[in-house]
$ cat target.tsv   # TSV, C-alpha atoms and all ligand atoms
chain	number	residue	atom	x	y	z
A	1	MET	CA	9.13	0.93	15.95
A	2	ARG	CA	12.56	-0.16	16.94
A	3	LYS	CA	15.45	2.20	16.47
A	4	LYS	CA	17.23	1.76	13.20
A	5	THR	CA	20.26	3.58	11.97
A	6	MET	CA	20.09	5.09	8.50
A	7	SER	CA	23.11	6.71	6.95
A	8	ALA	CA	23.18	10.37	5.99
A	9	ILE	CA	23.96	9.31	2.45
A	10	PHE	CA	20.78	7.28	2.29
A	11	CYS	CA	18.71	10.20	3.56
A	12	ALA	CA	20.29	12.55	1.07
A	13	LEU	CA	19.57	10.04	-1.68
A	14	CYS	CA	15.98	9.69	-0.58
A	15	PHE	CA	15.31	13.40	-0.58
A	16	THR	CA	16.98	13.77	-3.94
A	17	LEU	CA	14.75	11.05	-5.28
A	18	PHE	CA	11.67	12.60	-3.70
A	19	GLY	CA	12.55	15.66	-5.73
A	20	PHE	CA	12.58	13.49	-8.80
A	21	VAL	CA	9.09	12.23	-8.02
A	22	LEU	CA	7.87	15.78	-7.49
A	23	LEU	CA	9.32	16.71	-10.84
A	24	SER	CA	7.58	13.78	-12.44
A	25	LEU	CA	4.32	14.96	-10.89
A	26	SER	CA	4.78	18.43	-12.26
A	27	ILE	CA	5.19	17.17	-15.79
A	28	GLY	CA	2.72	14.34	-15.38
A	29	MET	CA	4.96	11.91	-17.11
A	30	LEU	CA	5.69	9.29	-14.50
A	31	ASP	CA	4.87	6.09	-16.28
A	32	LEU	CA	7.09	3.45	-14.83
A	33	ARG	CA	6.53	1.06	-17.67
A	34	SER	CA	7.85	3.60	-20.13
A	35	ALA	CA	10.93	3.83	-17.91
A	36	GLY	CA	11.48	0.15	-18.41
A	37	ILE	CA	10.17	-0.94	-15.03
A	38	SER	CA	7.75	-3.77	-15.48
A	39	GLU	CA	4.79	-3.93	-13.16
A	40	LYS	CA	5.68	-7.58	-12.76
A	41	SER	CA	9.20	-6.76	-11.60
A	42	ASN	CA	8.27	-6.15	-8.00
A	43	VAL	CA	10.52	-8.02	-5.67
A	44	PRO	CA	9.06	-8.36	-2.19
A	45	ALA	CA	11.51	-6.72	0.15
A	46	ALA	CA	9.72	-7.58	3.32
A	47	ALA	CA	11.14	-10.69	4.81
A	48	GLN	CA	14.58	-12.09	4.32
A	49	PHE	CA	15.40	-15.67	5.17
A	50	GLU	CA	18.85	-16.04	6.54
A	51	SER	CA	20.80	-18.94	7.93
A	52	ASP	CA	21.21	-18.80	11.67
A	53	THR	CA	24.94	-18.30	11.47
A	54	SER	CA	25.08	-16.14	14.59
A	55	VAL	CA	24.45	-19.10	16.91
A	56	SER	CA	27.67	-20.41	18.42
A	57	GLU	CA	28.36	-24.14	18.43
A	58	ASP	CA	27.90	-24.55	22.17
A	59	THR	CA	24.25	-23.54	22.08
A	60	GLU	CA	21.43	-26.04	21.74
A	61	ALA	CA	20.41	-24.77	18.33
A	62	PRO	CA	19.38	-27.61	16.04
A	63	HIS	CA	21.90	-28.50	13.38
A	64	ASP	CA	19.73	-30.46	10.99
A	65	GLY	CA	19.70	-27.52	8.62
A	66	SER	CA	15.93	-27.06	8.83
A	67	PRO	CA	15.54	-24.02	11.06
A	68	LEU	CA	15.79	-20.80	9.13
A	69	GLN	CA	15.30	-17.59	11.02
A	70	LEU	CA	12.76	-15.11	9.70
A	71	ILE	CA	14.30	-11.65	9.85
A	72	SER	CA	11.51	-9.11	9.87
A	73	THR	CA	12.29	-5.80	8.20
A	74	PRO	CA	10.33	-2.63	8.99
A	75	LEU	CA	8.27	-1.95	5.89
A	76	ILE	CA	5.29	-0.42	4.18
A	77	LEU	CA	2.54	-2.97	3.56
A	78	ILE	CA	0.67	-2.09	0.37
A	79	ASP	CA	-2.83	-3.54	0.25
A	80	ALA	CA	-4.62	-3.81	-3.08
A	81	GLY	CA	-8.25	-4.07	-2.06
A	82	HIS	CA	-10.57	-6.89	-3.20
A	83	GLY	CA	-9.42	-9.43	-5.81
A	84	GLY	CA	-10.45	-12.74	-7.31
A	85	GLU	CA	-14.20	-13.33	-7.08
A	86	ASP	CA	-14.58	-9.98	-5.28
A	87	GLY	CA	-14.36	-7.33	-7.98
A	88	GLY	CA	-15.29	-4.43	-5.70
A	89	ALA	CA	-16.90	-1.41	-7.34
A	90	SER	CA	-17.34	-1.23	-11.09
A	91	SER	CA	-17.81	1.47	-13.70
A	92	ALA	CA	-20.62	1.69	-16.22
A	93	ASP	CA	-18.37	0.29	-18.93
A	94	GLY	CA	-17.07	-2.60	-16.86
A	95	LEU	CA	-13.91	-1.35	-15.17
A	96	LEU	CA	-13.36	-3.36	-12.01
A	97	GLU	CA	-12.06	-1.83	-8.81
A	98	LYS	CA	-9.93	-4.87	-7.99
A	99	ASP	CA	-7.90	-4.43	-11.21
A	100	LEU	CA	-7.33	-0.69	-10.72
A	101	ASN	CA	-6.42	-1.27	-7.07
A	102	LEU	CA	-3.77	-3.79	-8.06
A	103	SER	CA	-2.36	-1.65	-10.84
A	104	LEU	CA	-2.08	1.43	-8.64
A	105	SER	CA	-0.65	-0.65	-5.79
A	106	ARG	CA	2.01	-1.96	-8.16
A	107	ASN	CA	2.85	1.62	-9.08
A	108	VAL	CA	3.36	2.46	-5.40
A	109	ALA	CA	5.38	-0.73	-4.96
A	110	SER	CA	7.56	0.16	-7.95
A	111	LEU	CA	8.30	3.55	-6.40
A	112	CYS	CA	9.23	1.82	-3.14
A	113	LEU	CA	11.55	-0.45	-5.10
A	114	VAL	CA	13.16	2.43	-6.99
A	115	PHE	CA	13.67	4.53	-3.87
A	116	GLY	CA	14.78	1.74	-1.59
A	117	ILE	CA	11.78	1.73	0.72
A	118	PRO	CA	11.12	-1.79	2.05
A	119	TYR	CA	7.64	-2.95	1.17
A	120	GLU	CA	5.41	-5.95	0.84
A	121	MET	CA	2.10	-6.40	-0.95
A	122	THR	CA	-0.86	-8.23	0.55
A	123	ARG	CA	-1.54	-9.49	-2.96
A	124	ASP	CA	0.25	-9.15	-6.27
A	125	GLU	CA	-2.20	-11.15	-8.32
A	126	ASP	CA	-5.93	-11.35	-8.95
A	127	THR	CA	-6.94	-13.25	-5.85
A	128	LEU	CA	-8.54	-12.98	-2.44
A	129	LEU	CA	-6.52	-14.10	0.57
A	130	TYR	CA	-9.09	-16.24	2.41
A	131	ASP	CA	-7.05	-19.40	1.89
A	132	LYS	CA	-3.61	-17.84	2.36
A	133	TYR	CA	-2.92	-19.91	5.44
A	134	GLY	CA	-4.78	-23.06	4.33
A	135	GLU	CA	-6.68	-23.40	7.58
A	136	PHE	CA	-9.95	-24.91	6.42
A	137	GLU	CA	-11.32	-27.60	4.14
A	138	SER	CA	-14.05	-25.30	2.87
A	139	TYR	CA	-14.26	-21.53	2.69
A	140	ASP	CA	-17.83	-21.26	1.45
A	141	GLY	CA	-19.73	-18.43	3.09
A	142	ARG	CA	-16.73	-16.91	4.83
A	143	LYS	CA	-14.36	-15.94	2.04
A	144	LYS	CA	-14.71	-12.19	2.53
A	145	SER	CA	-14.37	-12.26	6.32
A	146	LEU	CA	-11.35	-14.57	6.16
A	147	ASP	CA	-9.81	-12.45	3.42
A	148	LEU	CA	-9.93	-9.39	5.67
A	149	LYS	CA	-8.71	-11.31	8.71
A	150	ASN	CA	-5.74	-12.64	6.74
A	151	ARG	CA	-4.82	-9.17	5.51
A	152	LEU	CA	-4.88	-8.04	9.12
A	153	ARG	CA	-2.81	-11.07	10.09
A	154	MET	CA	-0.19	-10.04	7.53
A	155	THR	CA	0.11	-6.63	9.16
A	156	GLU	CA	0.80	-8.36	12.47
A	157	GLU	CA	3.24	-10.97	11.16
A	158	LEU	CA	5.30	-8.43	9.28
A	159	ASP	CA	7.03	-5.44	10.86
A	160	THR	CA	4.47	-3.08	9.39
A	161	VAL	CA	5.38	0.57	9.95
A	162	LEU	CA	2.63	1.75	7.63
A	163	PHE	CA	-0.38	-0.05	6.18
A	164	LEU	CA	-1.50	1.50	2.93
A	165	SER	CA	-4.76	0.21	1.52
A	166	ILE	CA	-5.72	1.13	-2.04
A	167	HIS	CA	-9.38	1.23	-3.12
A	168	MET	CA	-11.76	2.88	-5.59
A	169	ASN	CA	-15.11	4.40	-4.67
A	170	LYS	CA	-18.66	4.49	-5.99
A	171	PHE	CA	-21.83	6.46	-5.24
A	172	PRO	CA	-25.40	6.47	-6.55
A	173	SER	CA	-25.02	10.05	-7.81
A	174	GLU	CA	-22.87	10.17	-10.94
A	175	ALA	CA	-21.70	13.71	-10.14
A	176	VAL	CA	-19.80	12.76	-6.99
A	177	LYS	CA	-16.04	12.55	-7.53
A	178	GLY	CA	-12.68	13.01	-5.86
A	179	PHE	CA	-9.89	11.25	-4.03
A	180	GLN	CA	-10.67	10.58	-0.35
A	181	VAL	CA	-8.39	9.33	2.42
A	182	TYR	CA	-9.56	7.45	5.52
A	183	TYR	CA	-7.34	6.92	8.52
A	184	SER	CA	-7.24	4.58	11.48
A	185	THR	CA	-7.71	6.16	14.88
A	186	ASN	CA	-5.69	3.41	16.54
A	187	ALA	CA	-2.34	5.13	15.88
A	188	THR	CA	-1.78	8.86	16.28
A	189	ASP	CA	0.37	9.18	13.15
A	190	SER	CA	-2.40	8.01	10.82
A	191	ARG	CA	-4.32	11.28	10.71
A	192	PRO	CA	-1.42	13.65	9.87
A	193	LEU	CA	-0.22	11.25	7.20
A	194	ALA	CA	-3.74	11.09	5.75
A	195	GLU	CA	-3.85	14.90	5.71
A	196	SER	CA	-0.51	15.02	3.94
A	197	ILE	CA	-1.61	12.58	1.24
A	198	GLN	CA	-4.95	14.33	0.77
A	199	SER	CA	-3.11	17.64	0.43
A	200	PHE	CA	-0.61	16.19	-2.02
A	201	VAL	CA	-3.37	14.93	-4.28
A	202	LYS	CA	-5.10	18.32	-4.19
A	203	SER	CA	-1.86	20.13	-5.03
A	204	HIS	CA	-0.68	17.85	-7.81
A	205	VAL	CA	-3.66	16.00	-9.25
A	206	GLN	CA	-7.08	17.41	-8.23
A	207	PRO	CA	-7.08	21.18	-7.51
A	208	PHE	CA	-10.89	21.07	-7.20
A	209	ASN	CA	-10.79	18.54	-4.37
A	210	GLU	CA	-11.95	20.09	-1.07
A	211	ARG	CA	-12.27	16.82	0.78
A	212	VAL	CA	-10.63	16.29	4.15
A	213	PRO	CA	-9.50	12.93	5.53
A	214	LYS	CA	-12.10	10.98	7.48
A	215	ALA	CA	-11.65	8.80	10.54
A	216	ALA	CA	-12.49	5.19	9.75
A	217	ASP	CA	-15.62	3.84	11.38
A	218	SER	CA	-16.43	0.22	12.14
A	219	SER	CA	-17.40	-0.41	8.51
A	220	ILE	CA	-13.71	-0.41	7.58
A	221	TYR	CA	-12.63	-3.59	9.34
A	222	LEU	CA	-8.91	-3.32	8.69
A	223	LEU	CA	-8.54	0.26	9.90
A	224	LYS	CA	-10.64	-0.42	12.98
A	225	ASN	CA	-8.63	-3.45	14.03
A	226	ILE	CA	-5.08	-2.63	13.02
A	227	ASN	CA	-2.49	-1.59	15.57
A	228	THR	CA	-0.14	0.42	13.41
A	229	THR	CA	-0.27	3.60	11.33
A	230	ALA	CA	-2.83	2.88	8.65
A	231	ILE	CA	-4.69	4.70	5.92
A	232	LEU	CA	-7.10	3.72	3.17
A	233	THR	CA	-7.23	5.71	-0.04
A	234	GLU	CA	-10.42	5.79	-2.07
A	235	CYS	CA	-8.70	6.90	-5.24
A	236	GLY	CA	-11.75	8.01	-7.17
A	237	PHE	CA	-15.37	7.23	-8.03
A	238	LEU	CA	-15.95	4.60	-10.68
A	239	SER	CA	-19.56	5.83	-10.72
A	240	ASN	CA	-18.30	9.13	-12.20
A	241	THR	CA	-17.70	8.62	-15.91
A	242	ALA	CA	-14.89	11.17	-16.26
A	243	GLU	CA	-13.06	10.05	-13.13
A	244	ALA	CA	-13.37	6.40	-14.13
A	245	ALA	CA	-11.88	7.24	-17.53
A	246	SER	CA	-8.96	9.01	-15.83
A	247	LEU	CA	-8.39	6.09	-13.47
A	248	ASN	CA	-8.21	3.82	-16.49
A	249	THR	CA	-5.20	5.81	-17.72
A	250	PRO	CA	-1.74	4.55	-16.63
A	251	ALA	CA	-0.31	8.09	-16.45
A	252	TYR	CA	-3.12	9.25	-14.15
A	253	ARG	CA	-2.68	6.25	-11.87
A	254	ALA	CA	1.05	6.96	-11.78
A	255	LYS	CA	0.38	10.52	-10.62
A	256	LEU	CA	-1.93	9.30	-7.88
A	257	ALA	CA	0.60	6.67	-6.88
A	258	SER	CA	3.31	9.33	-6.59
A	259	SER	CA	1.06	11.49	-4.43
A	260	ILE	CA	0.44	8.55	-2.13
A	261	PHE	CA	4.05	7.44	-2.15
A	262	VAL	CA	5.89	10.67	-1.37
A	263	PRO	CA	4.25	11.44	2.02
A	264	SER	CA	4.28	7.73	2.88
A	265	ALA	CA	7.98	7.35	2.11
A	266	GLU	CA	8.79	10.56	3.98
A	267	TYR	CA	6.90	9.17	6.98
A	268	PHE	CA	8.67	5.82	6.73
A	269	VAL	CA	12.13	7.41	6.56
A	270	ARG	CA	11.28	9.67	9.51
A	271	CYS	CA	10.22	6.64	11.55
A	272	ALA	CA	13.31	4.73	10.53
A	273	THR	CA	15.65	7.51	11.60
A	274	ASN	CA	14.02	8.24	14.99
B	1	ZN	ZN	-13.00	-1.19	-2.18

$ encode --input "target.tsv" --output "structure tokens" --more "lines below"
Ligand SMILES: [Zn+2]
Amino acid sequence: MRKKTMSAIFCALCFTLFGFVLLSLSIGMLDLRSAGISEKSNVPAAAQFESDTSVSEDTEAPHDGSPLQLISTPLILIDAGHGGEDGGASSADGLLEKDLNLSLSRNVASLCLVFGIPYEMTRDEDTLLYDKYGEFESYDGRKKSLDLKNRLRMTEELDTVLFLSIHMNKFPSEAVKGFQVYYSTNATDSRPLAESIQSFVKSHVQPFNERVPKAADSSIYLLKNINTTAILTECGFLSNTAEAASLNTPAYRAKLASSIFVPSAEYFVRCATN
């Protein structure tokens, strides 16, 4: 990514705040809503529209007031998997993956907002993205493929330093459980970040979890086709009754969100200062 200057004060603030998140993990009390931060309060920090005031009058820049310049800000792109008519996995008692993905993604987004990490969300409502760009008259039969292509397109249009996709898992055997990270092999930073997040979850949320991050294969379209640091977190198995019940708890989701956020934010700040 391009070089960007960050002040020492900002770094000190970030690390102080990371400490706060760690503390919240240790006491398991990070519930942003109880802190007065509404899940609906996310303000996309990705792209800022700005008048082209830097253009001097002797250039040929149009003056009809229409051209606004899109200033792209390096950011974390948070991707809540599925949505709309695609519910994703489901639990025995009807929990839908798409809803948990969005809730947990909002938790991560709220932490980005609190700690001043620029972010954007692929979706912040219950919808797929197949018609995001309004390209076709009909989307029948290609909604899922276009949804994934448009999520990938967002990563390319934005200055995505890190793509963070949030999902839930399922398996035929009810006994299988545990948080699992996948990483893209297209960028060398993806694997160490995945290892850091997997380790964070083991240390702070799931001591039993012996899983190691897995390289994404061709079945994970976004991670196979993306060109930036990218990971996908399968945050738990909805097919496991106990894990599904935990995932349905705001405090548990907040702990997982913190474990995803801290290594991700540390990575983002490191990129931004190098
Ligand atoms: Zn999924």

$ atom_distance --input "target.tsv" --atom1 "CA of Leu77 in chain A" --atom2 "CA of Asn150 in chain A"
13.1 Å

$ residues_near_ligand --input "target.tsv" --ligand "ligand ZN 1 (chain B)" --cutoff "12 Å" --atoms "only C-alpha atoms and all ligand atoms" --output "JSON, numbers by chain"
{"A": [79, 80, 81, 82, 83, 86, 87, 88, 89, 90, 96, 97, 98, 99, 100, 101, 102, 148, 165, 166, 167, 168, 169, 170, 219, 220, 221, 222, 232, 233, 234, 235, 236, 237, 238]}

$ closest_residue --input "target.tsv" --among "A:Gly134, A:Pro118, A:Pro263, A:Gly94" --to "Ser199 in chain A" --atoms "all atoms listed in the file"
A:Pro263

$ residues_around --input "target.tsv" --residues "Phe163 in chain A" --least-positions-apart "3" --cutoff "9 Å" --atoms "all atoms listed in the file" --output "PDB file with C-alpha atoms, in the frame of the given file"
ATOM      1  CA  LEU A  75       8.270  -1.950   5.890  1.00  0.00           C
ATOM      2  CA  ILE A  76       5.290  -0.420   4.180  1.00  0.00           C
ATOM      3  CA  LEU A  77       2.540  -2.970   3.560  1.00  0.00           C
ATOM      4  CA  ILE A  78       0.670  -2.090   0.370  1.00  0.00           C
ATOM      5  CA  ASP A  79      -2.830  -3.540   0.250  1.00  0.00           C
ATOM      6  CA  THR A 155       0.110  -6.630   9.160  1.00  0.00           C
ATOM      7  CA  THR A 160       4.470  -3.080   9.390  1.00  0.00           C
ATOM      8  CA  LEU A 223      -8.540   0.260   9.900  1.00  0.00           C
ATOM      9  CA  ILE A 226      -5.080  -2.630  13.020  1.00  0.00           C
ATOM     10  CA  THR A 228      -0.140   0.420  13.410  1.00  0.00           C
ATOM     11  CA  THR A 229      -0.270   3.600  11.330  1.00  0.00           C
ATOM     12  CA  ALA A 230      -2.830   2.880   8.650  1.00  0.00           C
ATOM     13  CA  ILE A 231      -4.690   4.700   5.920  1.00  0.00           C
ATOM     14  CA  LEU A 232      -7.100   3.720   3.170  1.00  0.00           C
TER      15      LEU A 232
END

$ atom_distance --input "target.tsv" --atom1 "CA of Glu174 in chain A" --atom2 "CA of Gln198 in chain A"
21.8 Å

$ residues_around --input "target.tsv" --residues "range 203-213 of chain A" --least-positions-apart "3" --cutoff "7 Å" --atoms "only C-alpha atoms" --output "number ranges by chain"
A: 25, 178, 180-182, 194-195, 198-200, 255

$ closest_residue --input "target.tsv" --among "A:Ala175, A:Ala215, A:Ala265, A:Ala272" --to "Tyr119 in chain A" --atoms "only C-alpha atoms"
A:Ala265

$ atom_distance --input "target.tsv" --atom1 "CA of Val262 in chain A" --atom2 "CA of Cys112 in chain A"
9.6 Å

$ closest_residue --input "target.tsv" --among "A:Asp126, A:Val176, A:Leu146, A:Ile260" --to "Ala242 in chain A" --atoms "only C-alpha atoms"
A:Val176

$ closest_residue --input "target.tsv" --among "A:Gly116, A:Glu85, A:Glu125, A:Phe179" --to "Lys144 in chain A" --atoms "only C-alpha atoms"
A:Glu85

$ build_atoms --input "target.tsv" --residues "range 226-252 of chain A" --atoms "N, CA and C atoms" --output "compact mmCIF listing (two decimals), keeping the file's coordinate frame"
# COMPACT_ATOMS: atom_id res chain seq x y z
N ILE A 226 -6.53 -2.64 13.17
CA ILE A 226 -5.08 -2.63 13.02
C ILE A 226 -4.43 -1.88 14.18
N ASN A 227 -3.19 -2.22 14.45
CA ASN A 227 -2.49 -1.59 15.57
C ASN A 227 -1.32 -0.72 15.15
N THR A 228 -1.24 -0.42 13.88
CA THR A 228 -0.14 0.42 13.41
C THR A 228 -0.70 1.58 12.58
N THR A 229 0.16 2.48 12.18
CA THR A 229 -0.27 3.60 11.33
C THR A 229 -0.90 3.04 10.06
N ALA A 230 -2.11 3.50 9.76
CA ALA A 230 -2.83 2.88 8.65
C ALA A 230 -3.77 3.87 8.00
N ILE A 231 -3.75 3.88 6.67
CA ILE A 231 -4.69 4.70 5.92
C ILE A 231 -5.29 3.89 4.78
N LEU A 232 -6.44 4.32 4.33
CA LEU A 232 -7.10 3.72 3.17
C LEU A 232 -7.42 4.85 2.20
N THR A 233 -6.97 4.68 0.97
CA THR A 233 -7.23 5.71 -0.04
C THR A 233 -8.32 5.23 -0.98
N GLU A 234 -9.41 5.99 -1.04
CA GLU A 234 -10.42 5.79 -2.07
C GLU A 234 -10.00 6.69 -3.22
N CYS A 235 -9.44 6.11 -4.25
CA CYS A 235 -8.70 6.90 -5.24
C CYS A 235 -9.57 7.58 -6.29
N GLY A 236 -10.85 7.35 -6.24
CA GLY A 236 -11.75 8.01 -7.17
C GLY A 236 -13.04 7.22 -7.31
N PHE A 237 -14.04 7.85 -7.93
CA PHE A 237 -15.37 7.23 -8.03
C PHE A 237 -15.55 6.60 -9.41
N LEU A 238 -15.70 5.28 -9.41
CA LEU A 238 -15.95 4.60 -10.68
C LEU A 238 -17.35 4.91 -11.19
N SER A 239 -18.20 5.44 -10.31
CA SER A 239 -19.56 5.83 -10.72
C SER A 239 -19.56 7.17 -11.46
N ASN A 240 -18.43 7.88 -11.45
CA ASN A 240 -18.30 9.13 -12.20
C ASN A 240 -17.57 8.83 -13.51
N THR A 241 -18.23 9.05 -14.62
CA THR A 241 -17.70 8.62 -15.91
C THR A 241 -16.32 9.21 -16.20
N ALA A 242 -16.17 10.51 -15.95
CA ALA A 242 -14.89 11.17 -16.26
C ALA A 242 -13.78 10.66 -15.34
N GLU A 243 -14.10 10.51 -14.06
CA GLU A 243 -13.06 10.05 -13.13
C GLU A 243 -12.68 8.59 -13.42
N ALA A 244 -13.66 7.79 -13.78
CA ALA A 244 -13.37 6.40 -14.13
C ALA A 244 -12.45 6.34 -15.35
N ALA A 245 -12.72 7.22 -16.32
CA ALA A 245 -11.88 7.24 -17.53
C ALA A 245 -10.44 7.65 -17.17
N SER A 246 -10.30 8.61 -16.26
CA SER A 246 -8.96 9.01 -15.83
C SER A 246 -8.26 7.86 -15.11
N LEU A 247 -8.99 7.19 -14.23
CA LEU A 247 -8.39 6.09 -13.47
C LEU A 247 -7.98 4.94 -14.38
N ASN A 248 -8.57 4.87 -15.55
CA ASN A 248 -8.21 3.82 -16.49
C ASN A 248 -6.98 4.18 -17.31
N THR A 249 -6.38 5.33 -17.01
CA THR A 249 -5.20 5.81 -17.72
C THR A 249 -3.94 5.56 -16.89
N PRO A 250 -2.95 4.84 -17.41
CA PRO A 250 -1.74 4.55 -16.63
C PRO A 250 -1.05 5.81 -16.10
N ALA A 251 -1.00 6.88 -16.89
CA ALA A 251 -0.31 8.09 -16.45
C ALA A 251 -1.02 8.73 -15.26
N TYR A 252 -2.35 8.69 -15.27
CA TYR A 252 -3.12 9.25 -14.15
C TYR A 252 -2.90 8.42 -12.89
